[in-house]
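J.: File follows, work24.txt with compact mmCIF, C-alpha atoms:
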# COMPACT_ATOMS: atom_id res chain seq x y z
CA MET A 1 102.14 120.71 92.71
CA ASN A 2 101.60 117.52 94.67
CA VAL A 3 99.36 114.50 94.16
CA LEU A 4 96.50 115.97 96.17
CA GLU A 5 96.46 119.10 94.03
CA ILE A 6 96.64 117.01 90.87
CA GLN A 7 93.56 115.14 92.10
CA GLN A 8 91.77 118.39 92.85
CA ALA A 9 92.63 119.82 89.43
CA LEU A 10 91.45 116.66 87.66
CA HIS A 11 88.17 116.81 89.56
CA ALA A 12 87.74 120.48 88.63
CA LYS A 13 88.26 119.55 84.96
CA GLY A 14 85.63 116.80 85.14
CA PHE A 15 87.92 113.77 85.45
CA ASP A 16 87.16 111.77 88.59
CA PRO A 17 90.44 110.68 90.30
CA GLY A 18 88.71 108.91 93.18
CA PRO A 19 89.24 110.04 96.78
CA HIS A 20 91.30 113.21 97.21
CA ASP A 21 93.80 111.44 99.45
CA GLY A 22 97.16 112.49 98.04
CA ILE A 23 97.92 108.91 96.94
CA ARG A 24 98.65 108.19 93.30
CA GLY A 25 96.50 105.08 92.98
CA ARG A 26 95.00 103.38 89.95
CA ARG A 27 91.94 105.68 89.76
CA THR A 28 94.14 108.77 89.81
CA ILE A 29 96.41 107.33 87.13
CA ASP A 30 93.38 106.46 85.01
CA ALA A 31 92.01 110.00 85.39
CA ILE A 32 95.36 111.48 84.34
CA MET A 33 95.45 109.27 81.25
CA ARG A 34 91.85 110.12 80.32
CA PHE A 35 92.64 113.82 80.72
CA GLN A 36 95.72 113.47 78.53
CA ALA A 37 93.79 111.60 75.83
CA ALA A 38 91.01 114.18 75.85
CA ASN A 39 93.50 117.01 75.41
CA GLY A 40 95.67 115.47 72.71
CA LEU A 41 98.61 114.93 75.04
CA VAL A 42 100.99 112.01 75.29
CA VAL A 43 99.11 109.40 77.33
CA ASP A 44 101.64 108.19 79.89
CA GLY A 45 99.87 108.87 83.19
CA ILE A 46 102.57 111.29 84.35
CA VAL A 47 101.94 114.94 85.11
CA GLY A 48 105.07 116.40 83.57
CA PRO A 49 105.52 120.01 82.48
CA VAL A 50 103.35 119.73 79.34
CA THR A 51 100.42 118.00 81.06
CA ALA A 52 100.70 120.30 84.08
CA LYS A 53 100.52 123.39 81.87
CA VAL A 54 97.16 122.24 80.48
CA LEU A 55 95.82 120.79 83.71
CA PHE A 56 96.51 123.87 85.80
CA THR A 57 95.27 126.51 83.36
CA THR A 58 92.46 127.49 85.75
CA PHE A 59 93.22 125.53 88.91
CA LYS A 60 96.34 127.00 90.50
CA PRO A 61 98.31 124.83 92.95
CA SER A 62 99.12 126.57 96.20
CA ALA A 63 101.68 124.24 97.75
CA LYS A 64 105.38 124.28 97.12
CA PRO A 65 106.66 121.78 94.51
CA VAL A 66 107.06 118.23 95.75
CA VAL A 67 110.09 116.33 94.49
CA GLY A 68 109.10 113.17 92.66
CA VAL A 69 105.77 114.08 91.04
CA GLU A 70 107.34 113.52 87.62
CA LEU A 71 108.94 110.25 88.85
CA PRO A 72 105.87 108.61 90.41
CA TRP A 73 107.48 105.20 90.85
CA TYR A 74 110.28 106.81 92.85
CA ALA A 75 107.83 108.85 94.92
CA GLU A 76 105.95 105.64 95.72
CA ALA A 77 109.19 104.03 96.88
CA TRP A 78 109.84 106.90 99.29
CA ARG A 79 106.25 106.74 100.54
CA LEU A 80 106.78 103.13 101.61
CA VAL A 81 109.92 103.71 103.68
CA GLY A 82 109.50 101.85 106.96
CA VAL A 83 107.38 98.95 105.66
CA THR A 84 108.84 95.92 107.43
CA GLU A 85 108.34 92.20 106.94
CA ASP A 86 106.54 90.28 109.68
CA GLY A 87 109.06 88.94 112.16
CA SER A 88 106.72 86.19 113.34
CA ALA A 89 105.56 83.06 111.51
CA GLY A 90 103.18 85.20 109.44
CA SER A 91 103.81 87.65 106.64
CA ASN A 92 103.19 91.36 106.20
CA GLN A 93 99.91 91.45 104.28
CA GLN A 94 100.87 94.70 102.56
CA ILE A 95 103.87 93.01 100.94
CA LEU A 96 101.74 90.04 99.89
CA ALA A 97 99.17 92.45 98.41
CA TRP A 98 101.83 93.95 96.13
CA ALA A 99 102.28 90.53 94.57
CA ARG A 100 98.55 89.82 94.30
CA ASP A 101 97.90 93.13 92.56
CA LEU A 102 100.49 92.29 89.91
CA GLY A 103 99.59 88.61 89.59
CA ILE A 104 103.00 87.49 90.85
CA PRO A 105 103.04 84.16 92.73
CA TYR A 106 104.42 84.98 96.18
CA GLY A 107 103.27 83.70 99.54
CA ASP A 108 105.81 84.44 102.26
CA ASP A 109 107.81 87.56 103.08
CA GLU A 110 110.71 85.35 104.14
CA ILE A 111 111.33 84.97 100.40
CA PRO A 112 113.59 87.82 99.23
CA TRP A 113 111.33 90.67 98.12
CA CYS A 114 113.60 93.39 96.77
CA GLY A 115 112.42 92.59 93.23
CA LEU A 116 108.79 92.56 94.36
CA PHE A 117 109.20 96.01 95.91
CA VAL A 118 110.57 97.45 92.67
CA ALA A 119 107.83 95.65 90.69
CA HIS A 120 105.16 97.21 92.91
CA CYS A 121 106.57 100.72 92.61
CA ILE A 122 106.85 100.46 88.83
CA GLY A 123 103.70 98.43 88.17
CA SER A 124 101.38 100.43 90.41
CA GLN A 125 102.47 103.80 89.05
CA LEU A 126 103.29 103.06 85.40
CA THR A 127 100.42 100.81 84.38
CA ASN A 128 101.59 100.49 80.75
CA GLU A 129 105.21 99.69 81.60
CA PRO A 130 106.25 96.07 80.83
CA LEU A 131 107.84 94.35 83.82
CA PRO A 132 110.72 91.94 83.22
CA THR A 133 110.08 88.21 83.14
CA GLY A 134 110.64 86.83 86.64
CA PRO A 135 110.52 90.17 88.49
CA LEU A 136 111.23 88.53 91.85
CA GLY A 137 114.74 87.80 90.59
CA ALA A 138 116.88 90.88 91.16
CA ARG A 139 119.05 90.32 88.12
CA SER A 140 115.96 90.09 85.91
CA TRP A 141 115.76 93.86 86.25
CA GLY A 142 118.92 94.14 84.19
CA ARG A 143 116.61 93.57 81.18
CA PHE A 144 114.06 96.17 82.25
CA GLY A 145 113.43 99.34 80.23
CA ASN A 146 116.48 101.16 78.93
CA GLU A 147 120.06 101.46 80.16
CA VAL A 148 120.92 104.85 81.71
CA LYS A 149 123.53 106.48 83.86
CA PRO A 150 122.89 106.18 87.62
CA GLN A 151 120.58 109.00 88.72
CA PRO A 152 117.63 109.53 91.09
CA GLY A 153 114.82 107.13 90.29
CA ALA A 154 116.91 104.72 88.22
CA VAL A 155 116.49 101.00 88.89
CA MET A 156 119.87 99.81 90.16
CA VAL A 157 120.92 96.17 89.82
CA PHE A 158 123.78 94.63 91.81
CA TRP A 159 125.36 91.22 92.09
CA ARG A 160 125.30 89.40 95.41
CA GLY A 161 127.55 86.56 96.51
CA SER A 162 129.36 86.23 93.17
CA LYS A 163 129.45 88.48 90.12
CA ASP A 164 129.19 85.40 87.90
CA GLY A 165 126.38 83.86 89.94
CA PHE A 166 122.62 84.37 89.81
CA LYS A 167 121.97 86.13 93.11
CA GLY A 168 121.53 89.87 93.18
CA HIS A 169 119.86 92.91 94.65
CA VAL A 170 117.72 95.64 93.10
CA GLY A 171 116.49 99.01 94.32
CA PHE A 172 116.33 102.65 93.33
CA TYR A 173 119.21 105.12 93.11
CA ALA A 174 119.00 107.66 95.92
CA GLY A 175 122.52 109.10 95.71
CA GLU A 176 126.18 108.18 95.88
CA GLU A 177 129.27 109.09 97.84
CA LYS A 178 132.05 110.51 95.67
CA GLY A 179 134.12 107.52 94.62
CA GLY A 180 132.27 105.46 97.22
CA PRO A 181 129.12 103.40 97.65
CA TYR A 182 125.71 104.01 96.14
CA HIS A 183 122.80 104.93 98.41
CA ILE A 184 119.95 102.62 97.46
CA LEU A 185 116.28 102.97 98.35
CA GLY A 186 114.94 99.44 98.33
CA GLY A 187 112.95 96.67 99.94
CA ASN A 188 114.25 93.70 101.91
CA GLN A 189 117.12 95.81 103.17
CA MET A 190 117.48 94.82 106.83
CA ASP A 191 114.02 93.24 106.34
CA LYS A 192 112.37 96.58 105.53
CA VAL A 193 112.07 99.41 103.02
CA CYS A 194 114.91 101.84 103.72
CA VAL A 195 118.00 103.45 102.24
CA THR A 196 121.20 101.47 102.57
CA LYS A 197 124.66 101.67 101.05
CA VAL A 198 125.82 99.20 98.42
CA ALA A 199 129.44 98.97 97.27
CA ARG A 200 130.16 100.54 93.90
CA ASP A 201 132.06 97.48 92.66
CA ARG A 202 128.88 95.38 92.91
CA PHE A 203 127.03 97.54 90.38
CA LEU A 204 125.73 95.85 87.21
CA HIS A 205 123.02 98.00 85.60
CA ALA A 206 121.06 101.23 85.88
CA ARG A 207 117.72 101.00 84.04
CA TRP A 208 114.91 103.44 83.23
CA PRO A 209 111.24 102.82 82.35
CA SER A 210 110.65 102.70 78.60
CA THR A 211 107.21 104.36 78.69
CA VAL A 212 108.30 107.66 80.23
CA PRO A 213 110.52 110.45 78.87
CA ALA A 214 114.18 109.56 78.59
CA ALA A 215 116.22 110.06 81.71
CA ASN A 216 118.24 113.28 81.80
CA GLY A 217 119.21 113.49 85.45
CA LYS A 218 122.66 113.63 86.96
CA ALA A 219 124.44 111.82 89.73
CA LEU A 220 123.46 113.02 93.20
CA VAL A 221 126.61 113.19 95.31
CA VAL A 222 125.94 112.99 99.04
CA ALA A 223 128.25 113.31 102.00
CA ALA A 224 129.72 110.17 103.55
CA ASP A 225 127.81 109.37 106.72
CA GLY A 226 130.07 106.76 108.28
CA LYS A 227 127.37 104.07 108.21
CA PRO A 228 128.42 100.56 107.16
CA VAL A 229 128.11 99.29 103.62
CA SER A 230 125.64 96.46 103.13
CA THR A 231 127.06 93.01 102.44
CA ASN A 232 123.85 90.93 102.23
CA GLU A 233 120.38 92.26 101.47
CA ALA A 234 118.62 88.86 101.56
What do you get writing this file as structure tokens?
T.:
Amino acid sequence: MNVLEIQQALHAKGFDPGPHDGIRGRRTIDAIMRFQAANGLVVDGIVGPVTAKVLFTTFKPSAKPVVGVELPWYAEAWRLVGVTEDGSAGSNQQILAWARDLGIPYGDDEIPWCGLFVAHCIGSQLTNEPLPTGPLGARSWGRFGNEVKPQPGAVMVFWRGSKDGFKGHVGFYAGEEKGGPYHILGGNQMDKVCVTKVARDRFLHARWPSTVPAANGKALVVAADGKPVSTNEA
């Protein structure tokens, strides 16, 4: 199943998800939660195996499975790959909109926005999930949710500059090289949303949202690609 088919199935069941556009926006999340409440399911806004079994009893998805439907915050992060800050005196309005939607004071994409990117992905897709105090600060995400082992979708927190300092970087686990760096999907990496490599010895925390089922994934080992390891994500 993919988001479009989830929207179609919700509509067929009488729960309006808004436009059938394949985007997991607020109206789609609300429709999922209303469907779950009406059917005595856990109301978390995620179409996992239990919700899917009820939702698709009569509406059968035709497409092949899409990785990430059960990790909507991670799917949103991948959807935004390529978003780049404005290189001129202005700012990318999409990045500013992430902050406005969450009520986070932020007015210039020259200000490091790795924490804002993670806040958008979590906050837009998991509407009941508490964000950490000061989400613009990368190390604030070390207090987010629950501690887990590094795995796809986990929020990964790193130190920057000095391990004992206050600077840091945050993104999502996308893989790791055996004994080598982590591959991190994040914002403000080379001024855009992309995957970059961060040294293993800079790792501080791997965190998981508290309002979704406990993480049970495994490390995703990927081949070394010869690309340089990031030294400064600001």
J.: Choose the residue, out of A:Gly40, A:Gly90, A:Gly107, A:Pro135, that has the smallest atom-to-atom separation from A:Ile122; count all atoms listed in the file.
T.: A:Pro135
J.: So, counting all atoms listed in the file, which residue among A:Val3, A:Ile46, A:Ala215, A:Val170 is closest to A:Lys149?
T.: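 Checking each candidate against A:Lys149, we get A:Ala215 as the closest.
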J.: Got a sec: who's within 8 Å of A:Leu96, counting all atoms listed in the file, leaving out chain neighbours fewer than 5 positions off, as an MDAnalysis selection string?
T.: chainID A and resid 91 106:109
J.: Rounded to one decimal in Å, what is the spacing between atom CA of A:Cys121 and atom CA of A:Leu185?
T.: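 Result for atom CA of A:Cys121 versus atom CA of A:Leu185: 11.5 Å, one decimal.
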J.: (113.7, 100.8, 82.3) in this file's frame - what residues fall within 8 Å of it? Use all atoms listed in the file and give the answer as a list in words.
T.: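 The residues that fall inside the cut-off are Arg143, Phe144, Gly145, Asn146, Glu147, Ala154, Val155, Arg207, Trp208, Pro209 and Ser210 of chain A.
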J.: Counting all atoms listed in the file, which residue out of A:Gly175, A:Gly186, A:Pro17, A:Gly22 sits closest to A:Cys114?
T.: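 Smallest separation from A:Cys114 among the options: A:Gly186.
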J.: Which neighbours of stretch 6-11 of chain A fall inside 8 Å, counting all atoms listed in the file, when residues of the same chain fewer than 6 positions from it are skipped, and could you give them as a ChimeraX atom specification?
T.: /A:17-18,20,22,28,31-32,35,55-56,59
J.: Between atom CA of A:Gly142 and atom CA of A:Gly168, what distance in Å does the model show, to one decimal?
T.: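 Computing it gives 10.3 Å between the two atoms.
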J.: Fewer than 6 positions away in the same chain doesn't count, so skip those; otherwise give me all residues within 8 Å of A:Lys167, counting only C-alpha atoms, as a ChimeraX atom specification.
T.: /A:137-139,159-161
J.: Within 9 Å of A:Leu80, counting only C-alpha atoms, which residues show up once you throw out same-chain ones fewer than 3 positions away? Write them as a list of chain:residue names, please.
T.: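 Skipping anything fewer than 3 positions along the chain leaves A:Ala75, A:Glu76, A:Ala77, A:Val83, A:Val193, A:Cys194.
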J.: Could you write those residues out with C-alpha atoms, as a PDB file, in the coordinates of the input?
T.:
ATOM      1  CA  ALA A  75     107.830 108.850  94.920  1.00  0.00           C
ATOM      2  CA  GLU A  76     105.950 105.640  95.720  1.00  0.00           C
ATOM      3  CA  ALA A  77     109.190 104.030  96.880  1.00  0.00           C
ATOM      4  CA  VAL A  83     107.380  98.950 105.660  1.00  0.00           C
ATOM      5  CA  VAL A 193     112.070  99.410 103.020  1.00  0.00           C
ATOM      6  CA  CYS A 194     114.910 101.840 103.720  1.00  0.00           C
TER       7      CYS A 194
END
J.: Identify which of the residues A:Thr127, A:Val198, A:Thr231, A:Thr58 lies closest to A:Ala12, counting only C-alpha atoms when measuring atom-to-atom distances.
T.: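 Closest candidate: A:Thr58.
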J.: Grab the atom CA of A:Glu85 to atom CA of A:Gly165 distance for me, in Å with one decimal place.
T.: 26.2 Å
J.: Need a file for stretch 199-231 of chain A from that block: N, CA and C atoms, written as a compact mmCIF listing (two decimals), in the first residue's frame.
T.:
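part_8.txt, written as the output of this step:
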# COMPACT_ATOMS: atom_id res chain seq x y z
N ALA A 199 30.80 10.76 11.02
CA ALA A 199 31.70 9.83 11.69
C ALA A 199 31.04 9.15 12.89
N ARG A 200 31.31 7.88 13.04
CA ARG A 200 30.72 7.09 14.11
C ARG A 200 31.11 7.63 15.48
N ASP A 201 32.32 8.15 15.62
CA ASP A 201 32.76 8.60 16.95
C ASP A 201 32.12 9.92 17.38
N ARG A 202 31.29 10.51 16.54
CA ARG A 202 30.55 11.71 16.92
C ARG A 202 29.14 11.39 17.44
N PHE A 203 28.77 10.14 17.40
CA PHE A 203 27.42 9.72 17.76
C PHE A 203 27.15 9.91 19.25
N LEU A 204 25.97 10.45 19.58
CA LEU A 204 25.54 10.63 20.97
C LEU A 204 24.30 9.80 21.30
N HIS A 205 23.24 9.93 20.50
CA HIS A 205 21.97 9.28 20.82
C HIS A 205 21.25 8.80 19.56
N ALA A 206 20.48 7.73 19.72
CA ALA A 206 19.48 7.33 18.73
C ALA A 206 18.15 7.31 19.46
N ARG A 207 17.16 8.05 18.96
CA ARG A 207 15.89 8.20 19.66
C ARG A 207 14.73 7.80 18.76
N TRP A 208 13.61 7.42 19.39
CA TRP A 208 12.45 6.90 18.67
C TRP A 208 11.19 7.55 19.23
N PRO A 209 10.23 7.92 18.38
CA PRO A 209 9.00 8.55 18.87
C PRO A 209 8.31 7.70 19.93
N SER A 210 7.77 8.36 20.94
CA SER A 210 7.14 7.65 22.06
C SER A 210 5.71 7.24 21.76
N THR A 211 5.09 7.83 20.74
CA THR A 211 3.66 7.56 20.47
C THR A 211 3.44 6.50 19.40
N VAL A 212 4.49 5.85 18.95
CA VAL A 212 4.35 4.80 17.94
C VAL A 212 4.91 3.50 18.52
N PRO A 213 4.60 2.36 17.91
CA PRO A 213 5.12 1.09 18.43
C PRO A 213 6.64 1.12 18.59
N ALA A 214 7.10 0.40 19.59
CA ALA A 214 8.53 0.36 19.90
C ALA A 214 9.33 -0.08 18.68
N ALA A 215 10.49 0.51 18.55
CA ALA A 215 11.36 0.18 17.42
C ALA A 215 11.85 -1.26 17.53
N ASN A 216 11.86 -1.97 16.42
CA ASN A 216 12.37 -3.34 16.41
C ASN A 216 13.21 -3.61 15.18
N GLY A 217 13.70 -2.53 14.55
CA GLY A 217 14.51 -2.68 13.35
C GLY A 217 15.95 -3.04 13.67
N LYS A 218 16.71 -3.26 12.63
CA LYS A 218 18.11 -3.63 12.77
C LYS A 218 18.97 -2.64 11.99
N ALA A 219 20.24 -2.68 12.28
CA ALA A 219 21.18 -1.83 11.55
C ALA A 219 21.12 -2.17 10.06
N LEU A 220 21.24 -1.16 9.22
CA LEU A 220 21.25 -1.34 7.77
C LEU A 220 22.67 -1.07 7.29
N VAL A 221 23.39 -2.14 7.02
CA VAL A 221 24.79 -2.01 6.59
C VAL A 221 24.83 -1.77 5.08
N VAL A 222 25.49 -0.70 4.67
CA VAL A 222 25.60 -0.35 3.26
C VAL A 222 27.07 -0.35 2.86
N ALA A 223 27.30 -0.49 1.58
CA ALA A 223 28.66 -0.53 1.07
C ALA A 223 29.31 0.85 1.16
N ALA A 224 30.59 0.86 1.44
CA ALA A 224 31.35 2.13 1.42
C ALA A 224 31.33 2.69 0.01
N ASP A 225 31.10 3.99 -0.10
CA ASP A 225 30.99 4.60 -1.43
C ASP A 225 32.15 5.53 -1.77
N GLY A 226 33.10 5.67 -0.85
CA GLY A 226 34.25 6.50 -1.14
C GLY A 226 34.02 7.99 -0.99
N LYS A 227 32.79 8.40 -0.69
CA LYS A 227 32.51 9.82 -0.52
C LYS A 227 33.05 10.32 0.81
N PRO A 228 33.38 11.60 0.90
CA PRO A 228 33.98 12.12 2.15
C PRO A 228 32.98 12.12 3.31
N VAL A 229 33.53 12.08 4.51
CA VAL A 229 32.74 12.16 5.72
C VAL A 229 32.57 13.61 6.08
N SER A 230 31.36 13.99 6.46
CA SER A 230 31.07 15.38 6.81
C SER A 230 31.85 15.80 8.05
N THR A 231 32.29 17.05 8.05
CA THR A 231 32.99 17.59 9.23
C THR A 231 32.25 18.78 9.83
